[in-house]
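Visitor: What follows is the file my_file_39.cif, containing mmCIF, C-alpha atoms:
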data_coords
loop_
_atom_site.label_atom_id
_atom_site.label_comp_id
_atom_site.auth_asym_id
_atom_site.auth_seq_id
_atom_site.Cartn_x
_atom_site.Cartn_y
_atom_site.Cartn_z
CA MET B 201 13.67 17.38 19.66
CA ARG B 202 10.90 15.81 21.71
CA THR B 203 11.53 12.65 23.71
CA THR B 204 9.43 10.43 21.48
CA ARG B 205 11.25 11.75 18.41
CA LEU B 206 14.62 11.13 20.01
CA ALA B 207 13.58 7.62 20.98
CA PHE B 208 12.51 6.92 17.43
CA ALA B 209 15.74 8.26 15.95
CA ALA B 210 17.78 6.17 18.38
CA LEU B 211 15.82 3.08 17.47
CA ALA B 212 16.28 3.78 13.80
CA VAL B 213 20.06 3.74 13.98
CA THR B 214 20.75 1.06 16.56
CA LEU B 215 18.55 -1.84 15.52
CA ALA B 216 20.32 -5.08 14.77
CA ALA B 217 20.37 -6.00 11.10
CA GLY B 218 18.07 -8.85 10.07
CA CYS B 219 19.38 -11.77 8.02
CA SER B 220 17.88 -13.63 5.09
CA SER B 221 15.51 -16.52 5.55
CA SER B 222 16.25 -19.94 4.19
CA GLY B 223 12.61 -20.14 3.13
CA THR B 224 11.59 -22.35 6.06
CA VAL B 225 9.38 -20.66 8.61
CA GLU B 226 10.76 -21.14 12.10
CA GLU B 227 9.26 -20.25 15.44
CA PRO B 228 9.93 -16.66 16.56
CA GLN B 229 13.00 -16.34 18.77
CA ALA B 230 10.92 -15.21 21.72
CA VAL B 231 9.20 -18.05 23.56
CA ALA B 232 5.51 -17.74 24.34
CA PRO B 233 4.57 -18.23 28.00
CA ALA B 234 3.24 -21.61 29.07
CA GLY B 235 0.18 -20.24 30.88
CA PRO B 236 -3.09 -19.04 29.31
CA VAL B 237 -2.80 -15.70 27.53
CA ALA B 238 -5.59 -13.43 26.29
CA LEU B 239 -4.81 -11.16 23.33
CA THR B 240 -6.86 -8.43 21.69
CA TYR B 241 -6.49 -7.75 17.96
CA TRP B 242 -7.81 -4.57 16.32
CA THR B 243 -8.57 -5.13 12.65
CA TRP B 244 -11.02 -4.02 9.98
CA ALA B 245 -10.60 -7.03 7.68
CA PRO B 246 -13.90 -8.93 7.34
CA ASN B 247 -14.43 -12.25 9.10
CA MET B 248 -11.17 -12.00 11.03
CA ASP B 249 -13.03 -13.29 14.07
CA LYS B 250 -13.63 -16.56 12.20
CA ILE B 251 -9.93 -16.81 11.42
CA ALA B 252 -9.00 -16.09 15.02
CA GLU B 253 -11.35 -18.84 16.17
CA VAL B 254 -9.46 -21.36 14.05
CA TRP B 255 -6.30 -20.26 15.85
CA ASN B 256 -7.99 -20.41 19.25
CA GLN B 257 -9.16 -23.96 18.76
CA ALA B 258 -5.64 -25.08 17.90
CA ASN B 259 -3.96 -22.91 20.56
CA PRO B 260 -6.08 -22.93 23.72
CA ASP B 261 -3.31 -21.29 25.75
CA ILE B 262 -3.26 -18.17 23.54
CA LYS B 263 -6.77 -16.85 22.97
CA VAL B 264 -7.16 -14.04 20.45
CA THR B 265 -10.22 -11.79 20.61
CA VAL B 266 -10.92 -9.66 17.54
CA SER B 267 -12.18 -6.11 17.96
CA LYS B 268 -13.58 -4.85 14.64
CA GLN B 269 -12.45 -1.34 13.69
CA ALA B 270 -13.55 1.10 11.01
CA GLY B 271 -10.19 1.27 9.26
CA GLY B 272 -8.47 4.20 7.56
CA ASP B 273 -7.17 7.34 9.23
CA ASP B 274 -9.72 7.10 12.04
CA ALA B 275 -8.45 3.67 13.06
CA ALA B 276 -4.86 4.93 13.10
CA ALA B 277 -5.79 7.92 15.25
CA LYS B 278 -7.76 5.69 17.63
CA PHE B 279 -4.80 3.35 18.08
CA LEU B 280 -2.40 6.22 18.80
CA THR B 281 -4.81 7.63 21.37
CA ALA B 282 -5.15 4.22 23.03
CA ALA B 283 -1.38 3.73 23.06
CA LYS B 284 -0.86 7.12 24.69
CA ALA B 285 -3.44 6.24 27.34
CA GLY B 286 -1.80 2.87 28.00
CA ASN B 287 -4.72 0.73 26.87
CA ALA B 288 -3.75 -0.22 23.32
CA PRO B 289 -4.62 -3.69 21.98
CA ASP B 290 -1.93 -6.36 21.84
CA LEU B 291 -2.05 -6.46 18.03
CA VAL B 292 -3.24 -3.99 15.43
CA GLN B 293 -3.76 -4.06 11.69
CA ALA B 294 -1.61 -1.18 10.45
CA GLU B 295 -1.67 0.32 6.98
CA TYR B 296 1.87 0.70 5.70
CA GLN B 297 1.66 4.48 5.44
CA HIS B 298 0.59 4.78 9.09
CA LEU B 299 3.26 2.53 10.55
CA PRO B 300 5.97 5.24 10.85
CA SER B 301 3.65 7.43 12.91
CA PHE B 302 3.13 4.47 15.25
CA VAL B 303 6.90 4.04 15.51
CA ALA B 304 7.45 7.74 16.15
CA ALA B 305 4.96 7.54 19.02
CA ASP B 306 6.75 4.45 20.40
CA ALA B 307 3.42 2.63 20.08
CA VAL B 308 4.57 -0.55 18.32
CA ALA B 309 7.26 -3.06 19.19
CA ASP B 310 10.50 -3.64 17.32
CA LEU B 311 10.39 -7.15 15.83
CA ALA B 312 13.77 -7.17 14.10
CA ALA B 313 15.29 -9.82 16.35
CA ASP B 314 12.27 -12.09 16.03
CA THR B 315 11.37 -11.99 12.33
CA ALA B 316 14.60 -12.86 10.52
CA ALA B 317 13.30 -16.36 9.85
CA ILE B 318 10.22 -15.16 7.97
CA LYS B 319 11.77 -12.27 6.01
CA GLY B 320 12.16 -14.48 2.95
CA GLU B 321 8.41 -15.05 2.84
CA PHE B 322 7.92 -11.56 1.44
CA SER B 323 9.22 -9.52 -1.47
CA GLN B 324 11.97 -7.00 -0.83
CA GLY B 325 9.59 -4.15 -1.62
CA LEU B 326 7.01 -5.32 0.92
CA TRP B 327 9.58 -5.97 3.64
CA GLY B 328 10.85 -2.47 3.08
CA LEU B 329 7.41 -1.10 3.95
CA VAL B 330 7.69 -2.47 7.51
CA THR B 331 11.38 -1.60 7.93
CA LEU B 332 12.54 1.78 9.19
CA GLY B 333 16.01 3.10 9.82
CA THR B 334 18.82 0.57 10.10
CA ASP B 335 16.74 -2.59 9.65
CA GLY B 336 14.22 -1.88 12.39
CA VAL B 337 11.21 -4.11 11.68
CA TYR B 338 7.93 -2.95 13.19
CA ALA B 339 5.29 -5.27 11.72
CA ILE B 340 4.71 -8.35 9.59
CA PRO B 341 3.28 -7.71 6.10
CA GLN B 342 -0.31 -8.94 5.86
CA ASP B 343 -1.78 -7.87 2.53
CA SER B 344 -0.40 -6.15 -0.52
CA GLY B 345 -1.53 -3.71 -3.20
CA PRO B 346 0.86 -3.97 -6.17
CA MET B 347 -0.17 -1.69 -9.02
CA MET B 348 -0.96 -2.76 -12.58
CA LEU B 349 -2.78 -1.42 -15.60
CA TYR B 350 -6.43 -2.45 -16.02
CA TYR B 351 -7.71 -1.91 -19.55
CA ARG B 352 -10.72 -2.62 -21.74
CA LYS B 353 -9.38 -5.26 -24.07
CA ASP B 354 -12.25 -4.99 -26.55
CA LEU B 355 -12.05 -1.20 -26.80
CA PHE B 356 -8.28 -1.21 -27.21
CA GLU B 357 -8.93 -3.40 -30.25
CA LYS B 358 -11.69 -1.09 -31.47
CA TYR B 359 -9.44 1.97 -31.35
CA LYS B 360 -6.48 -0.02 -32.70
CA ILE B 361 -4.15 0.77 -29.80
CA ALA B 362 -1.66 -1.62 -28.28
CA VAL B 363 -1.24 -2.10 -24.55
CA PRO B 364 1.31 0.61 -23.69
CA ARG B 365 4.67 -0.66 -22.53
CA THR B 366 5.99 2.80 -21.65
CA TRP B 367 4.38 5.97 -20.35
CA ASP B 368 5.27 7.66 -23.63
CA GLU B 369 3.22 5.00 -25.42
CA TYR B 370 0.42 5.57 -22.90
CA ALA B 371 0.41 9.27 -23.78
CA GLU B 372 0.26 8.51 -27.51
CA ALA B 373 -2.58 6.05 -26.95
CA ALA B 374 -4.45 8.70 -24.96
CA ARG B 375 -4.15 11.12 -27.87
CA THR B 376 -5.25 8.50 -30.40
CA VAL B 377 -8.35 7.50 -28.45
CA HIS B 378 -9.50 11.00 -27.64
CA LYS B 379 -8.98 12.13 -31.24
CA ALA B 380 -11.11 9.24 -32.48
CA ASP B 381 -13.91 10.11 -30.05
CA PRO B 382 -13.75 13.31 -27.95
CA LYS B 383 -16.12 11.73 -25.42
CA VAL B 384 -13.70 8.90 -24.70
CA TYR B 385 -10.58 9.02 -22.52
CA LEU B 386 -7.83 6.49 -21.99
CA GLY B 387 -7.80 7.30 -18.28
CA SER B 388 -8.17 9.95 -15.61
CA PHE B 389 -5.99 11.82 -13.13
CA SER B 390 -7.43 11.78 -9.61
CA SER B 391 -6.64 14.66 -7.27
CA LYS B 392 -8.44 12.81 -4.46
CA ASP B 393 -6.27 9.69 -4.25
CA PRO B 394 -2.80 10.40 -2.84
CA GLY B 395 -2.15 6.68 -2.31
CA TRP B 396 -2.49 6.17 -6.06
CA PHE B 397 -0.02 8.95 -6.78
CA ALA B 398 2.39 7.64 -4.13
CA GLY B 399 2.39 4.23 -5.83
CA LEU B 400 3.21 5.78 -9.20
CA ALA B 401 5.98 7.81 -7.56
CA GLN B 402 7.39 4.61 -6.03
CA GLN B 403 7.47 3.02 -9.47
CA ALA B 404 9.46 5.99 -10.76
CA GLY B 405 12.03 5.53 -7.96
CA ALA B 406 10.90 8.26 -5.57
CA GLN B 407 11.98 8.34 -1.92
CA TRP B 408 9.68 10.73 -0.08
CA TRP B 409 11.24 10.24 3.35
CA THR B 410 14.60 8.85 4.42
CA ILE B 411 16.37 8.65 7.76
CA ALA B 412 19.84 10.18 7.87
CA GLY B 413 21.53 9.52 11.19
CA ASP B 414 19.29 11.05 13.82
CA ALA B 415 17.34 13.18 11.36
CA TRP B 416 14.64 12.87 8.74
CA LYS B 417 15.18 13.94 5.16
CA VAL B 418 12.07 14.90 3.18
CA GLY B 419 12.27 14.60 -0.60
CA ILE B 420 8.70 14.65 -1.86
CA ASN B 421 9.65 17.10 -4.57
CA ASP B 422 12.41 14.85 -5.90
CA ALA B 423 13.01 14.40 -9.61
CA ALA B 424 11.06 11.13 -9.82
CA THR B 425 7.91 12.52 -8.23
CA THR B 426 8.09 15.75 -10.22
CA LYS B 427 8.41 13.69 -13.41
CA VAL B 428 5.25 11.74 -12.58
CA ALA B 429 3.31 14.90 -11.74
CA GLU B 430 4.39 16.77 -14.86
CA PHE B 431 3.56 13.77 -17.06
CA TRP B 432 -0.04 13.66 -15.87
CA GLY B 433 -0.29 17.42 -15.78
CA GLY B 434 0.75 17.60 -19.40
CA LEU B 435 -1.92 15.10 -20.47
CA VAL B 436 -4.60 16.96 -18.51
CA ALA B 437 -3.51 20.26 -20.05
CA GLU B 438 -3.74 18.69 -23.53
CA GLY B 439 -7.25 17.56 -22.70
CA VAL B 440 -6.54 13.95 -23.67
CA ILE B 441 -6.87 12.61 -20.11
CA ASP B 442 -9.88 13.23 -17.89
CA ASP B 443 -9.52 14.77 -14.43
CA GLN B 444 -12.49 13.00 -12.88
CA PRO B 445 -11.63 11.70 -9.37
CA TYR B 446 -11.82 7.97 -8.88
CA PHE B 447 -14.80 6.28 -7.22
CA THR B 448 -17.24 9.08 -8.03
CA PRO B 449 -20.59 8.31 -9.70
CA GLU B 450 -19.34 10.02 -12.87
CA TRP B 451 -16.17 7.96 -12.95
CA ASN B 452 -18.09 4.75 -12.29
CA LYS B 453 -20.43 5.56 -15.17
CA ALA B 454 -17.51 6.19 -17.53
CA LEU B 455 -15.97 2.82 -16.65
CA ASN B 456 -19.27 1.01 -17.10
CA GLU B 457 -20.17 2.70 -20.39
CA GLY B 458 -16.72 2.30 -21.89
CA THR B 459 -15.87 5.99 -22.14
CA GLN B 460 -12.83 5.44 -19.91
CA LEU B 461 -10.61 2.66 -21.20
CA SER B 462 -7.97 2.06 -18.55
CA TRP B 463 -7.14 2.47 -14.87
CA PRO B 464 -3.67 2.24 -13.29
CA SER B 465 -4.74 0.59 -10.07
CA ALA B 466 -3.87 -2.15 -7.60
CA VAL B 467 -4.52 -5.84 -7.26
CA TRP B 468 -7.79 -5.15 -5.41
CA GLY B 469 -9.21 -3.53 -8.54
CA PRO B 470 -11.49 -6.45 -9.58
CA GLY B 471 -13.85 -5.78 -6.67
CA VAL B 472 -14.19 -2.14 -7.68
CA LEU B 473 -14.81 -2.99 -11.32
CA GLU B 474 -17.31 -5.72 -10.50
CA SER B 475 -19.32 -3.33 -8.32
CA ASN B 476 -19.03 -0.17 -10.40
CA ALA B 477 -18.70 -1.44 -13.97
CA PRO B 478 -20.80 -4.62 -14.12
CA ASP B 479 -21.35 -4.29 -17.87
CA GLY B 480 -17.61 -4.69 -18.43
CA LYS B 481 -17.38 -8.21 -17.04
CA GLY B 482 -15.26 -10.36 -19.32
CA LYS B 483 -13.97 -7.30 -21.21
CA TRP B 484 -11.22 -6.02 -18.91
CA ALA B 485 -7.68 -7.39 -18.74
CA VAL B 486 -4.50 -6.52 -16.85
CA ALA B 487 -0.91 -5.78 -17.80
CA PRO B 488 2.15 -4.38 -16.01
CA LEU B 489 2.21 -0.62 -15.53
CA PRO B 490 3.80 1.26 -18.41
CA GLN B 491 7.47 1.88 -17.70
CA TRP B 492 9.43 5.12 -17.78
CA SER B 493 12.08 3.58 -20.02
CA ALA B 494 11.80 0.66 -22.41
CA GLY B 495 13.07 -2.55 -20.85
CA GLU B 496 12.46 -1.54 -17.24
CA ASN B 497 10.25 -3.67 -15.04
CA SER B 498 8.95 -2.05 -11.86
CA SER B 499 5.71 -1.20 -10.12
CA GLY B 500 4.56 0.45 -6.90
CA PHE B 501 2.06 -0.17 -4.12
CA TRP B 502 -1.36 1.34 -3.59
CA GLY B 503 -2.74 0.14 -0.28
CA GLY B 504 -1.98 -2.85 1.88
CA SER B 505 -1.51 -3.39 5.59
CA SER B 506 0.54 -5.22 8.17
CA THR B 507 0.16 -6.81 11.59
CA ALA B 508 1.94 -4.83 14.31
CA ILE B 509 2.38 -5.59 17.99
CA SER B 510 1.79 -2.93 20.60
CA SER B 511 4.89 -1.86 22.50
CA GLY B 512 2.78 -1.91 25.65
CA THR B 513 1.67 -5.52 25.44
CA LYS B 514 2.64 -7.81 28.29
CA ASN B 515 2.49 -10.80 25.96
CA LYS B 516 4.77 -9.92 23.03
CA ALA B 517 5.93 -13.49 22.44
CA ALA B 518 2.37 -14.82 22.27
CA ALA B 519 1.30 -11.96 20.02
CA LEU B 520 4.26 -12.58 17.73
CA LYS B 521 3.37 -16.25 17.51
CA PHE B 522 -0.17 -15.42 16.36
CA ALA B 523 0.98 -12.70 13.93
CA THR B 524 3.51 -15.09 12.39
CA TRP B 525 0.89 -17.82 11.98
CA LEU B 526 -1.64 -15.40 10.51
CA ASN B 527 0.69 -14.16 7.78
CA THR B 528 2.84 -17.20 6.94
CA ASP B 529 0.98 -20.43 7.77
CA PRO B 530 -0.58 -22.01 4.65
CA ALA B 531 -3.89 -22.70 6.41
CA ALA B 532 -4.09 -19.15 7.73
CA LEU B 533 -3.20 -17.67 4.34
CA ASP B 534 -5.97 -19.70 2.75
CA LEU B 535 -8.40 -18.28 5.32
CA LEU B 536 -7.19 -14.74 4.70
CA VAL B 537 -8.04 -15.14 1.02
CA LYS B 538 -11.35 -16.97 1.39
CA GLU B 539 -12.72 -15.27 4.51
CA ALA B 540 -11.04 -11.84 4.65
CA PHE B 541 -10.93 -11.41 0.84
CA ILE B 542 -7.43 -9.96 0.80
CA TYR B 543 -4.43 -10.45 -1.44
CA PRO B 544 -1.84 -11.97 0.92
CA ALA B 545 1.56 -10.36 1.26
CA SER B 546 3.25 -13.75 1.60
CA GLY B 547 4.70 -15.09 -1.63
CA LYS B 548 3.49 -18.60 -0.96
CA GLY B 549 0.06 -17.23 -0.16
CA GLN B 550 -0.02 -15.54 -3.56
CA ALA B 551 1.21 -18.71 -5.27
CA SER B 552 -1.64 -20.73 -3.78
CA LEU B 553 -4.37 -18.62 -5.37
CA GLY B 554 -6.39 -20.63 -7.86
CA GLU B 555 -9.37 -19.45 -9.85
CA PRO B 556 -9.20 -15.84 -11.06
CA PRO B 557 -11.70 -13.26 -9.82
CA ALA B 558 -15.04 -14.00 -11.46
CA TYR B 559 -14.97 -10.65 -13.24
CA PHE B 560 -11.81 -11.76 -15.09
CA ALA B 561 -12.60 -15.44 -15.58
CA GLU B 562 -13.01 -15.05 -19.34
CA SER B 563 -10.70 -12.16 -20.19
CA GLN B 564 -7.76 -12.85 -17.84
CA PRO B 565 -7.77 -16.45 -16.56
CA ASP B 566 -4.14 -16.07 -15.39
CA PHE B 567 -4.98 -13.02 -13.29
CA TRP B 568 -3.25 -14.24 -10.13
CA THR B 569 -0.14 -15.36 -12.00
CA GLN B 570 0.11 -11.93 -13.56
CA ALA B 571 -0.49 -10.25 -10.19
CA ALA B 572 2.27 -12.26 -8.49
CA ALA B 573 4.78 -11.49 -11.24
CA ILE B 574 3.94 -7.80 -11.14
CA GLY B 575 3.97 -7.71 -7.33
CA ALA B 576 7.51 -9.07 -7.27
CA THR B 577 8.65 -5.94 -9.12
CA ALA B 578 6.89 -3.43 -6.85
CA ARG B 579 9.04 -0.84 -5.12
CA GLY B 580 8.00 0.67 -1.85
CA PHE B 581 9.47 3.58 0.04
CA THR B 582 9.73 4.76 3.62
CA PHE B 583 6.65 6.66 4.68
CA GLY B 584 7.06 9.52 7.10
CA PRO B 585 5.54 10.11 10.53
CA ASN B 586 3.09 12.75 9.22
CA VAL B 587 1.82 11.10 6.05
CA GLY B 588 -1.69 12.38 6.79
CA VAL B 589 -0.47 15.95 6.37
CA THR B 590 1.24 15.02 3.11
CA TYR B 591 -1.83 13.28 1.75
CA ASN B 592 -4.06 16.24 2.61
CA ALA B 593 -1.55 18.55 0.93
CA TYR B 594 -1.76 16.36 -2.17
CA LYS B 595 -5.51 16.87 -2.37
CA ASP B 596 -5.31 20.61 -1.73
CA GLY B 597 -2.35 21.17 -4.04
CA PHE B 598 -3.66 19.22 -7.02
CA ASP B 599 -7.20 20.50 -6.62
CA LYS B 600 -5.79 24.02 -6.85
CA ALA B 601 -3.62 23.12 -9.84
CA LEU B 602 -6.65 21.75 -11.68
CA GLN B 603 -8.74 24.78 -10.77
CA ASP B 604 -6.05 27.26 -11.77
CA LYS B 605 -4.90 25.21 -14.76
CA SER B 606 -1.37 25.55 -13.40
CA ALA B 607 1.61 23.22 -13.67
CA PHE B 608 1.40 20.09 -11.52
CA GLY B 609 4.98 20.57 -10.35
CA GLY B 610 3.72 23.35 -8.10
CA ALA B 611 1.43 20.90 -6.31
CA VAL B 612 4.41 18.67 -5.53
CA THR B 613 6.28 21.67 -4.13
CA PHE B 614 3.25 22.45 -1.98
CA MET B 615 3.28 18.87 -0.63
CA GLN B 616 6.97 19.21 0.23
CA GLU B 617 6.57 22.54 1.98
CA ALA B 618 3.50 21.48 3.97
CA THR B 619 5.19 18.27 5.10
CA VAL B 620 8.42 19.97 6.18
CA ALA B 621 6.58 22.75 8.01
CA ASP B 622 4.48 20.24 9.96
CA MET B 623 7.49 18.13 10.92
CA GLN B 624 9.36 21.19 12.10
CA LYS B 625 6.34 22.31 14.12
CA SER B 626 6.06 18.83 15.67
CA GLY B 627 9.68 18.83 16.83
CA PHE B 628 11.29 16.42 14.37
CA THR B 629 14.93 16.95 13.48
CA LEU B 630 15.30 17.49 9.73
CA GLU B 631 18.41 17.23 7.63
CA ASP B 632 19.22 20.49 5.83
#
Could I get this structure in the form of structure tokens?
Guide:
Amino acid sequence: MRTTRLAFAALAVTLAAGCSSSGTVEEPQAVAPAGPVALTYWTWAPNMDKIAEVWNQANPDIKVTVSKQAGGDDAAAKFLTAAKAGNAPDLVQAEYQHLPSFVAADAVADLAADTAAIKGEFSQGLWGLVTLGTDGVYAIPQDSGPMMLYYRKDLFEKYKIAVPRTWDEYAEAARTVHKADPKVYLGSFSSKDPGWFAGLAQQAGAQWWTIAGDAWKVGINDAATTKVAEFWGGLVAEGVIDDQPYFTPEWNKALNEGTQLSWPSAVWGPGVLESNAPDGKGKWAVAPLPQWSAGENSSGFWGGSSTAISSGTKNKAAALKFATWLNTDPAALDLLVKEAFIYPASGKGQASLGEPPAYFAESQPDFWTQAAAIGATARGFTFGPNVGVTYNAYKDGFDKALQDKSAFGGAVTFMQEATVADMQKSGFTLED
């Protein structure tokens, strides 16, 4: 096993366990230096420079300079390259699925000893997304993407279908709608959006990666994930669900024209609908995701990011102080919403949201209340150090399944095999 892998495994099993917060945010345990400090923060969130300036005015001894990044996989790769070269920024916005690869490369600092006081600010599911191994904490949650069901309220009434409470009811509604009008679908399966599928797998209780001692265990083809895949595969095979990828011109048109009636998506969905389905304003509403069994109450995450601190920074305490302020201070949370247009990970940040998104002002005036309640039920899971390989395998595997009209369970097996092969090739120790 390579040195970086061994270091990661050791970290995973020796970190001190965090304790619960009393709800009062305290200063991080580390003490920021008294002298002037200059920090660099890589982020793609809009207007973060304006937010940093508010901090700088109030904290002249810790100046934060924002370096705007493109985001996505390219941003993650750029950070890893910079960390390897020894010139990484002090802070970086890290998508949850990329954080384990940063940890495996020893590129981000362990914050477990310094974040116990703020743990209670976040839901258990969100805190789990920044925790690896035995309570190793490698970032502070920044924004969140809990999943919910968006649906055309008026068209549900037209086709006389109730909002599905279970996935079985969703399937029956899909059949009813498509039988009434063969040009209309309840929803679509997207082979291009692995993050969407991962969120649905989380809801079902999947655990794609776990750490067992000094080894990784990969379980992408577990029963929960296979159940999700076979459910959607069955609906596609019946022809009652479309297989149009999300965010394509064709999919946008279907949303706007009302020939696609629902979308299991995340809390950031209003922006997509407002841009791509303007004619639906005031007609869409939200509800919790359908459940696998009646009486259950769980969701998953699609998207979201955290604030991590580079392991190479010479000013960890100062960086931690800024990261804590950014993601827990009421004034900062208000700025994150109004300037960066994100859904804050902090529970009190979510509770402070007022007016609903304009797109939902008429049809769902309690949008943020619903979102907070749903978000509290969202399950996360540990992402692995090669999630990019897994996500690419998702696209390849499900594209092939759609083309061949084969069972979706085979695509999940392909994801498992591709992930394991890559981890073995990269020198990770895997549990048998």
Visitor: I need the output of the PyMOL selection byres ((chain B and resi 258-266) around 12) for this file as a VMD selection string; which residues are they?
Guide: chain B and resid 232 to 257 267 to 269 289 to 293 515 to 523 525 to 526 531 to 532
Visitor: Choose the residue, out of B:Asn592, B:Ile542, B:Ser511, B:Thr528, that has the smallest atom-to-atom separation from B:Ala317; count all atoms listed in the file.
Guide: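 So, comparing all the options, the nearest one is B:Thr528.
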Visitor: Mind telling me what the PyMOL selection byres ((chain B and resi 472-488) around 8) catches here, as a short mmCIF file (atom, residue, chain, number, x, y, z; two decimals) with C-alpha atoms, keeping the file's coordinate frame?
Guide:
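Heads up, here's the output in selection_36.cif:
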data_model
loop_
_atom_site.label_atom_id
_atom_site.label_comp_id
_atom_site.auth_asym_id
_atom_site.auth_seq_id
_atom_site.Cartn_x
_atom_site.Cartn_y
_atom_site.Cartn_z
CA MET B 347 -0.17 -1.69 -9.02
CA MET B 348 -0.96 -2.76 -12.58
CA LEU B 349 -2.78 -1.42 -15.60
CA TYR B 350 -6.43 -2.45 -16.02
CA TYR B 351 -7.71 -1.91 -19.55
CA ARG B 352 -10.72 -2.62 -21.74
CA LYS B 353 -9.38 -5.26 -24.07
CA ASP B 354 -12.25 -4.99 -26.55
CA VAL B 363 -1.24 -2.10 -24.55
CA ARG B 365 4.67 -0.66 -22.53
CA ASN B 452 -18.09 4.75 -12.29
CA LYS B 453 -20.43 5.56 -15.17
CA LEU B 455 -15.97 2.82 -16.65
CA ASN B 456 -19.27 1.01 -17.10
CA GLU B 457 -20.17 2.70 -20.39
CA GLY B 458 -16.72 2.30 -21.89
CA TRP B 468 -7.79 -5.15 -5.41
CA GLY B 469 -9.21 -3.53 -8.54
CA PRO B 470 -11.49 -6.45 -9.58
CA GLY B 471 -13.85 -5.78 -6.67
CA LEU B 489 2.21 -0.62 -15.53
CA PRO B 490 3.80 1.26 -18.41
CA SER B 499 5.71 -1.20 -10.12
CA TYR B 559 -14.97 -10.65 -13.24
CA PHE B 560 -11.81 -11.76 -15.09
CA ALA B 561 -12.60 -15.44 -15.58
CA GLU B 562 -13.01 -15.05 -19.34
CA SER B 563 -10.70 -12.16 -20.19
CA GLN B 564 -7.76 -12.85 -17.84
CA PHE B 567 -4.98 -13.02 -13.29
CA GLN B 570 0.11 -11.93 -13.56
CA ILE B 574 3.94 -7.80 -11.14
#
Visitor: The residues within 9 Å of (9.2, 13.0, -8.3), using all atoms listed in the file and the coordinates of the file, should be reported as a short mmCIF file (atom, residue, chain, number, x, y, z; two decimals) with C-alpha atoms, in the frame of the given file; which are they?
Guide:
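Done, and the output landed in selection03.cif:
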data_model
loop_
_atom_site.label_atom_id
_atom_site.label_comp_id
_atom_site.auth_asym_id
_atom_site.auth_seq_id
_atom_site.Cartn_x
_atom_site.Cartn_y
_atom_site.Cartn_z
CA ALA B 401 5.98 7.81 -7.56
CA GLN B 402 7.39 4.61 -6.03
CA ALA B 404 9.46 5.99 -10.76
CA GLY B 405 12.03 5.53 -7.96
CA ALA B 406 10.90 8.26 -5.57
CA GLN B 407 11.98 8.34 -1.92
CA TRP B 408 9.68 10.73 -0.08
CA GLY B 419 12.27 14.60 -0.60
CA ILE B 420 8.70 14.65 -1.86
CA ASN B 421 9.65 17.10 -4.57
CA ASP B 422 12.41 14.85 -5.90
CA ALA B 423 13.01 14.40 -9.61
CA ALA B 424 11.06 11.13 -9.82
CA THR B 425 7.91 12.52 -8.23
CA THR B 426 8.09 15.75 -10.22
CA LYS B 427 8.41 13.69 -13.41
CA VAL B 428 5.25 11.74 -12.58
CA ALA B 429 3.31 14.90 -11.74
CA GLU B 430 4.39 16.77 -14.86
CA GLY B 609 4.98 20.57 -10.35
CA VAL B 612 4.41 18.67 -5.53
#
Visitor: When the PyMOL selection byres ((chain B and resi 588) around 12) is applied to the file above, which residues end up in the set, as a PyMOL selection string?
Guide: chain B and resi 272-274+276-277+297-301+394-395+583-587+589-595+615+618-619+622-623
Visitor: Would you mind telling me which residue in B:Ala313, B:Ala294, B:Ala398, B:Leu602 lies nearest to B:Pro445 when using only C-alpha atoms?
Guide: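 Comparing B:Ala313, B:Ala294, B:Ala398, B:Leu602 against B:Pro445, the winner is B:Leu602.
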Visitor: Name the closest residue to B:Gly575 among the candidates B:Pro346, B:Gly627, B:Gly286, B:Gly336; distances are taken between atoms, counting all atoms listed in the file.
Guide: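 Looking at the shortest contact to B:Gly575, the residue is B:Pro346.
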Visitor: Taking all atoms listed in the file into account, name the residue in B:Ala454, B:Ala307, B:Val537, B:Ala339 that is nearest to B:Lys319.
Guide: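 Ranking B:Ala454, B:Ala307, B:Val537, B:Ala339 by distance to B:Lys319, first place goes to B:Ala339.
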Visitor: Identify which of the residues B:Ile441, B:Val436, B:Ala578, B:Ala494 lies closest to B:Ala601, counting all atoms listed in the file when measuring atom-to-atom distances.
Guide: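 The answer is B:Val436, which sits nearest to B:Ala601.
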Visitor: Interatomic distance between atom CA of B:Gly399 and atom CA of B:Gly580?
Guide: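 That distance, rounded to one decimal, is 7.7 Å.
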